[in-house]
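So this block is data02.cif, mmCIF, C-alpha atoms and all ligand atoms:
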```cif
data_upload
loop_
_atom_site.label_atom_id
_atom_site.label_comp_id
_atom_site.auth_asym_id
_atom_site.auth_seq_id
_atom_site.Cartn_x
_atom_site.Cartn_y
_atom_site.Cartn_z
CA MET Q 1 0.00 0.00 0.00
CA GLU Q 2 1.14 3.55 -0.71
CA ASN Q 3 2.46 5.46 2.26
CA ARG Q 4 1.95 9.15 1.73
CA PRO Q 5 0.56 11.80 4.06
CA ALA Q 6 -3.07 12.69 3.49
CA THR Q 7 -3.73 16.10 1.97
CA ALA Q 8 -6.87 17.86 0.79
CA ARG Q 9 -6.71 18.86 -2.87
CA ARG Q 10 -7.61 22.41 -3.79
CA VAL Q 11 -9.59 22.60 -7.00
CA ALA Q 12 -10.05 25.59 -9.28
CA PRO Q 13 -12.83 27.91 -8.03
CA ARG Q 14 -14.65 27.53 -11.36
CA LEU Q 15 -15.09 23.81 -10.61
CA GLN Q 16 -16.66 24.29 -7.19
CA ALA Q 17 -20.29 23.26 -6.79
CA PRO Q 18 -22.72 26.16 -6.48
CA GLY Q 19 -23.40 27.22 -2.91
CA THR Q 20 -20.17 25.83 -1.47
CA GLY Q 21 -18.43 29.21 -1.16
CA THR Q 22 -20.35 30.06 1.98
CA ALA Q 23 -21.17 26.52 3.12
CA SER Q 24 -19.95 25.21 6.44
CA PHE Q 25 -17.75 22.15 6.69
CA ARG Q 26 -19.12 18.89 8.08
CA PRO Q 27 -17.26 15.72 8.98
CA LEU Q 28 -18.05 13.02 6.42
CA ALA Q 29 -15.49 10.31 7.15
CA GLU Q 30 -12.37 9.40 9.07
CA LEU Q 31 -9.02 9.14 7.32
CA GLY Q 32 -8.88 5.47 8.28
CA GLN Q 33 -11.89 4.85 6.04
CA LEU Q 34 -10.12 6.33 3.01
CA PRO Q 35 -6.58 5.01 2.57
CA PRO Q 36 -4.54 6.10 -0.46
CA GLY Q 37 -6.20 4.92 -3.68
CA ALA Q 38 -9.59 4.33 -2.04
CA MET Q 39 -12.99 5.77 -2.87
CA LEU Q 40 -15.98 6.10 -0.55
CA ARG Q 41 -19.60 7.04 -1.16
CA VAL Q 42 -21.21 9.14 1.57
CA THR Q 43 -24.87 10.11 1.36
CA VAL Q 44 -26.03 13.34 2.99
CA GLY Q 45 -29.71 14.06 2.40
CA ASP Q 46 -30.22 13.79 -1.34
CA LEU Q 47 -26.52 14.24 -2.13
CA ASP Q 48 -24.36 11.21 -2.86
CA ILE Q 49 -20.78 12.38 -2.36
CA LEU Q 50 -17.70 10.62 -3.70
CA LEU Q 51 -14.63 10.93 -1.50
CA ALA Q 52 -11.48 9.81 -3.30
CA ASN Q 53 -7.95 9.66 -1.96
CA THR Q 54 -6.08 10.32 -5.21
CA THR Q 55 -2.35 10.75 -5.71
CA GLY Q 56 -3.12 14.49 -5.95
CA GLY Q 57 -4.93 14.60 -2.61
CA ILE Q 58 -8.41 13.95 -1.28
CA VAL Q 59 -11.29 15.28 -3.36
CA ALA Q 60 -15.05 15.38 -2.86
CA THR Q 61 -17.36 15.42 -5.85
CA ASP Q 62 -20.74 13.99 -6.76
CA ASP Q 63 -20.88 10.21 -6.87
CA ARG Q 64 -22.43 10.52 -10.31
CA CYS Q 65 -20.52 10.02 -13.51
CA PRO Q 66 -20.54 13.28 -15.48
CA HIS Q 67 -21.85 11.24 -18.43
CA MET Q 68 -25.00 9.34 -17.38
CA SER Q 69 -24.74 9.50 -13.59
CA ALA Q 70 -23.45 5.99 -12.80
CA PRO Q 71 -21.84 5.78 -9.33
CA LEU Q 72 -18.11 6.39 -9.80
CA SER Q 73 -17.47 4.97 -6.32
CA ILE Q 74 -17.77 1.43 -7.75
CA GLY Q 75 -15.36 2.23 -10.59
CA GLN Q 76 -11.58 1.91 -10.54
CA LEU Q 77 -9.26 4.64 -9.30
CA ASP Q 78 -5.77 4.78 -10.76
CA GLY Q 79 -3.75 7.75 -9.50
CA CYS Q 80 -6.09 10.66 -10.15
CA VAL Q 81 -8.14 8.94 -12.88
CA VAL Q 82 -11.38 7.11 -12.19
CA ALA Q 83 -12.84 4.66 -14.70
CA CYS Q 84 -16.63 4.59 -14.82
CA PRO Q 85 -18.13 1.08 -14.69
CA LEU Q 86 -20.87 1.84 -17.24
CA HIS Q 87 -19.43 3.12 -20.55
CA ASN Q 88 -15.66 3.07 -19.96
CA GLY Q 89 -15.43 6.83 -19.56
CA ARG Q 90 -12.33 7.87 -17.62
CA PHE Q 91 -12.17 11.14 -15.70
CA ASP Q 92 -9.33 12.93 -13.94
CA LEU Q 93 -10.60 13.68 -10.44
CA CYS Q 94 -7.70 16.08 -9.84
CA THR Q 95 -8.53 18.38 -12.76
CA GLY Q 96 -12.09 17.48 -13.77
CA ASP Q 97 -10.89 16.63 -17.29
CA THR Q 98 -12.25 13.80 -19.40
CA VAL Q 99 -9.37 11.42 -20.12
CA GLN Q 100 -11.31 8.93 -22.22
CA PHE Q 101 -14.69 9.67 -23.74
CA PRO Q 102 -17.55 7.21 -22.97
CA THR Q 103 -18.02 4.44 -25.54
CA THR Q 104 -21.47 5.74 -26.40
CA GLY Q 105 -20.07 9.00 -27.80
CA GLY Q 106 -21.99 12.24 -27.45
CA LEU Q 107 -21.14 15.82 -26.53
CA ASP Q 108 -18.27 16.98 -24.37
CA ALA Q 109 -18.58 19.82 -21.86
CA GLU Q 110 -17.89 22.33 -24.67
CA GLY Q 111 -20.67 20.84 -26.78
CA VAL Q 112 -18.32 19.17 -29.28
CA TYR Q 113 -19.56 15.83 -30.64
CA HIS Q 114 -17.52 12.64 -30.17
CA PRO Q 115 -18.46 9.45 -32.07
CA SER Q 116 -19.12 6.14 -30.33
CA TRP Q 117 -16.30 3.63 -30.10
CA SER Q 118 -15.66 0.06 -28.95
CA VAL Q 119 -13.23 -1.20 -26.36
CA PRO Q 120 -10.21 -2.62 -28.27
CA GLY Q 121 -10.58 -6.37 -28.64
CA SER Q 122 -14.35 -6.40 -28.27
CA PRO Q 123 -16.80 -6.49 -31.18
CA ALA Q 124 -18.24 -3.19 -32.38
CA LYS Q 125 -21.69 -2.63 -30.95
CA PRO Q 126 -24.38 -1.66 -33.46
CA GLU Q 127 -25.81 1.80 -32.98
CA PRO Q 128 -29.21 1.64 -31.24
CA PRO Q 129 -32.09 2.68 -33.47
CA GLY Q 130 -33.98 5.96 -33.58
CA LEU Q 131 -34.41 8.01 -30.47
CA LYS Q 132 -31.86 6.01 -28.47
CA ALA Q 133 -29.09 6.96 -30.91
CA GLN Q 134 -30.26 10.55 -30.83
CA ALA Q 135 -30.31 10.56 -27.02
CA ARG Q 136 -26.77 9.18 -26.89
CA ALA Q 137 -25.51 11.70 -29.42
CA LEU Q 138 -27.10 14.61 -27.55
CA THR Q 139 -25.99 13.54 -24.06
CA ARG Q 140 -23.40 15.99 -22.83
CA VAL Q 141 -20.63 15.03 -20.45
CA ARG Q 142 -21.02 17.79 -17.90
CA ARG Q 143 -18.26 19.49 -15.96
CA MET Q 144 -17.37 17.87 -12.67
CA ARG Q 145 -18.32 19.86 -9.61
CA TYR Q 146 -16.33 19.72 -6.39
CA TYR Q 147 -16.98 20.31 -2.73
CA PRO Q 148 -14.16 21.92 -0.71
CA VAL Q 149 -12.32 19.47 1.56
CA ARG Q 150 -10.30 20.07 4.71
CA LEU Q 151 -8.62 17.72 7.12
CA VAL Q 152 -9.07 18.30 10.84
CA GLY Q 153 -7.06 15.73 12.73
CA ASP Q 154 -8.28 12.39 11.42
CA SER Q 155 -11.55 13.84 10.19
CA ILE Q 156 -12.32 14.54 6.52
CA GLU Q 157 -14.58 17.56 6.43
CA VAL Q 158 -16.47 18.72 3.37
CA ALA Q 159 -18.33 21.97 2.69
CA LEU Q 160 -21.81 21.07 1.45
CA PRO Q 161 -24.50 23.51 0.37
CA ARG Q 162 -27.64 23.43 2.51
S1 LIG G 201 -22.23 6.69 -17.12
FE1 LIG G 201 -20.10 6.83 -16.86
S2 LIG G 201 -19.25 6.64 -18.82
FE2 LIG G 201 -21.38 6.56 -19.11
#
```

Represent the structure from my file as C-alpha cells, please.
Amino acid sequence: MENRPATARRVAPRLQAPGTGTASFRPLAELGQLPPGAMLRVTVGDLDILLANTTGGIVATDDRCPHMSAPLSIGQLDGCVVACPLHNGRFDLCTGDTVQFPTTGGLDAEGVYHPSWSVPGSPAKPEPPGLKAQARALTRVRRMRYYPVRLVGDSIEVALPR
C-alpha cells in the first residue's frame, strides 16, 4: 500500500459546486476509512458524495458520472483517474478533465460531438435505433463539480450547500 501523508486537494474555483463558497464544513469520514487509492460514497440528504484519496490529494465530488450518472465509487481509481463502470469513460478527479470519452459517444462539456467507439478487442456494438441513438448523441458530459475538503485531525470535512 502507498504510504503518503493525506492532503486535501484544492480545485479551481470555477469547478466548485454552487453554494459551497459560503457553506460550512461537516465531517463526512475518518481518514482510516479512506486510505490512499480508495474511494468512498457518503450520502447526505439527497446528495451522494464521492470521497477519493487520489495521488493528488483527497477530493469530494458527486458520486455521479458526469456522463450518465453511474456511481463512480464502484469504478476503478488509478492515481487521479477514475474509470466509470458503465461506458468506460475515464475522468481525472484532480482536474475534472475527461481522459477517455464514454463508448457511447456524445457531446463533451464544450458541446463538441464525439463518435461512439468500442473497447479494443471487443466487437463493435451496433448503434441503437432511432431516439436512443439521438439521445446518446445529444448527451453531454457535464463538468465535474467539487466540494471543498479540509482535514481536521483524522476527520475529513467537506463543505456542502444546505
Ligand atoms: S455513465 Fe459513466 S461513462 Fe457513461

(message) Considering only C-alpha atoms and all ligand atoms, can you say which of Q:Phe101, Q:Phe25, Q:Trp117, Q:Tyr146 comes closest to ligand LIG 201 (chain G)?
(response)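 Closest to ligand LIG 201 (chain G) of all the choices is Q:Phe101.
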
(request) Do a neighbour search on Ser24 (chain Q) at 12 Å with only C-alpha atoms, toss out local chain neighbours closer than 4 positions, and write the hits as number ranges by chain. (result) Q: 19-20, 147-150, 157-162

Need the shell around Arg145 (chain Q): protein/DNA/RNA residues with any atom at most 6 Å away, counting all atoms listed in the file. Skip same-chain ones fewer than 3 positions apart. Format as a PDB file with C-alpha atoms, in the frame of the given file?
```
ATOM      1  CA  LEU Q  15     -15.090  23.810 -10.610  1.00  0.00           C
ATOM      2  CA  GLN Q  16     -16.660  24.290  -7.190  1.00  0.00           C
ATOM      3  CA  ALA Q  17     -20.290  23.260  -6.790  1.00  0.00           C
ATOM      4  CA  THR Q  61     -17.360  15.420  -5.850  1.00  0.00           C
TER       5      THR Q  61
END
```

(request) Name the residues, using the chain letters and numbers of the file, that sit within 7 Å of (-23.8, 3.7, -13.0) when counting all atoms listed in the file, and give them as a list of chain:residue names. (result)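 Looking at atoms near the point gives Q:Ser69, Q:Ala70, Q:Pro71, Q:Pro85, Q:Leu86.
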
Save the residues we just selected, C-alpha atoms, as an mmCIF file, in the coordinates of the input?
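Output file part_0.cif follows:
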```cif
data_model
loop_
_atom_site.group_PDB
_atom_site.id
_atom_site.type_symbol
_atom_site.label_atom_id
_atom_site.label_comp_id
_atom_site.auth_asym_id
_atom_site.auth_seq_id
_atom_site.Cartn_x
_atom_site.Cartn_y
_atom_site.Cartn_z
ATOM 1 C CA SER Q 69 -24.740 9.500 -13.590
ATOM 2 C CA ALA Q 70 -23.450 5.990 -12.800
ATOM 3 C CA PRO Q 71 -21.840 5.780 -9.330
ATOM 4 C CA PRO Q 85 -18.130 1.080 -14.690
ATOM 5 C CA LEU Q 86 -20.870 1.840 -17.240
#
```

Using all atoms listed in the file, what are the residues with an atom within 10 Å of ligand LIG 201 (chain G), set out as an mmCIF file with C-alpha atoms, keeping the file's coordinate frame?
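So the final result, stored in selection.cif, reads:
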```cif
data_model
loop_
_atom_site.group_PDB
_atom_site.id
_atom_site.type_symbol
_atom_site.label_atom_id
_atom_site.label_comp_id
_atom_site.auth_asym_id
_atom_site.auth_seq_id
_atom_site.Cartn_x
_atom_site.Cartn_y
_atom_site.Cartn_z
ATOM 1 C CA ARG Q 64 -22.430 10.520 -10.310
ATOM 2 C CA CYS Q 65 -20.520 10.020 -13.510
ATOM 3 C CA PRO Q 66 -20.540 13.280 -15.480
ATOM 4 C CA HIS Q 67 -21.850 11.240 -18.430
ATOM 5 C CA MET Q 68 -25.000 9.340 -17.380
ATOM 6 C CA SER Q 69 -24.740 9.500 -13.590
ATOM 7 C CA ALA Q 70 -23.450 5.990 -12.800
ATOM 8 C CA PRO Q 71 -21.840 5.780 -9.330
ATOM 9 C CA LEU Q 72 -18.110 6.390 -9.800
ATOM 10 C CA GLY Q 75 -15.360 2.230 -10.590
ATOM 11 C CA VAL Q 82 -11.380 7.110 -12.190
ATOM 12 C CA ALA Q 83 -12.840 4.660 -14.700
ATOM 13 C CA CYS Q 84 -16.630 4.590 -14.820
ATOM 14 C CA PRO Q 85 -18.130 1.080 -14.690
ATOM 15 C CA LEU Q 86 -20.870 1.840 -17.240
ATOM 16 C CA HIS Q 87 -19.430 3.120 -20.550
ATOM 17 C CA ASN Q 88 -15.660 3.070 -19.960
ATOM 18 C CA GLY Q 89 -15.430 6.830 -19.560
ATOM 19 C CA ARG Q 90 -12.330 7.870 -17.620
ATOM 20 C CA PHE Q 91 -12.170 11.140 -15.700
ATOM 21 C CA GLN Q 100 -11.310 8.930 -22.220
ATOM 22 C CA PHE Q 101 -14.690 9.670 -23.740
ATOM 23 C CA PRO Q 102 -17.550 7.210 -22.970
ATOM 24 C CA THR Q 103 -18.020 4.440 -25.540
ATOM 25 C CA THR Q 104 -21.470 5.740 -26.400
ATOM 26 C CA GLY Q 105 -20.070 9.000 -27.800
ATOM 27 C CA ARG Q 136 -26.770 9.180 -26.890
ATOM 28 C CA THR Q 139 -25.990 13.540 -24.060
ATOM 29 C CA VAL Q 141 -20.630 15.030 -20.450
#
```
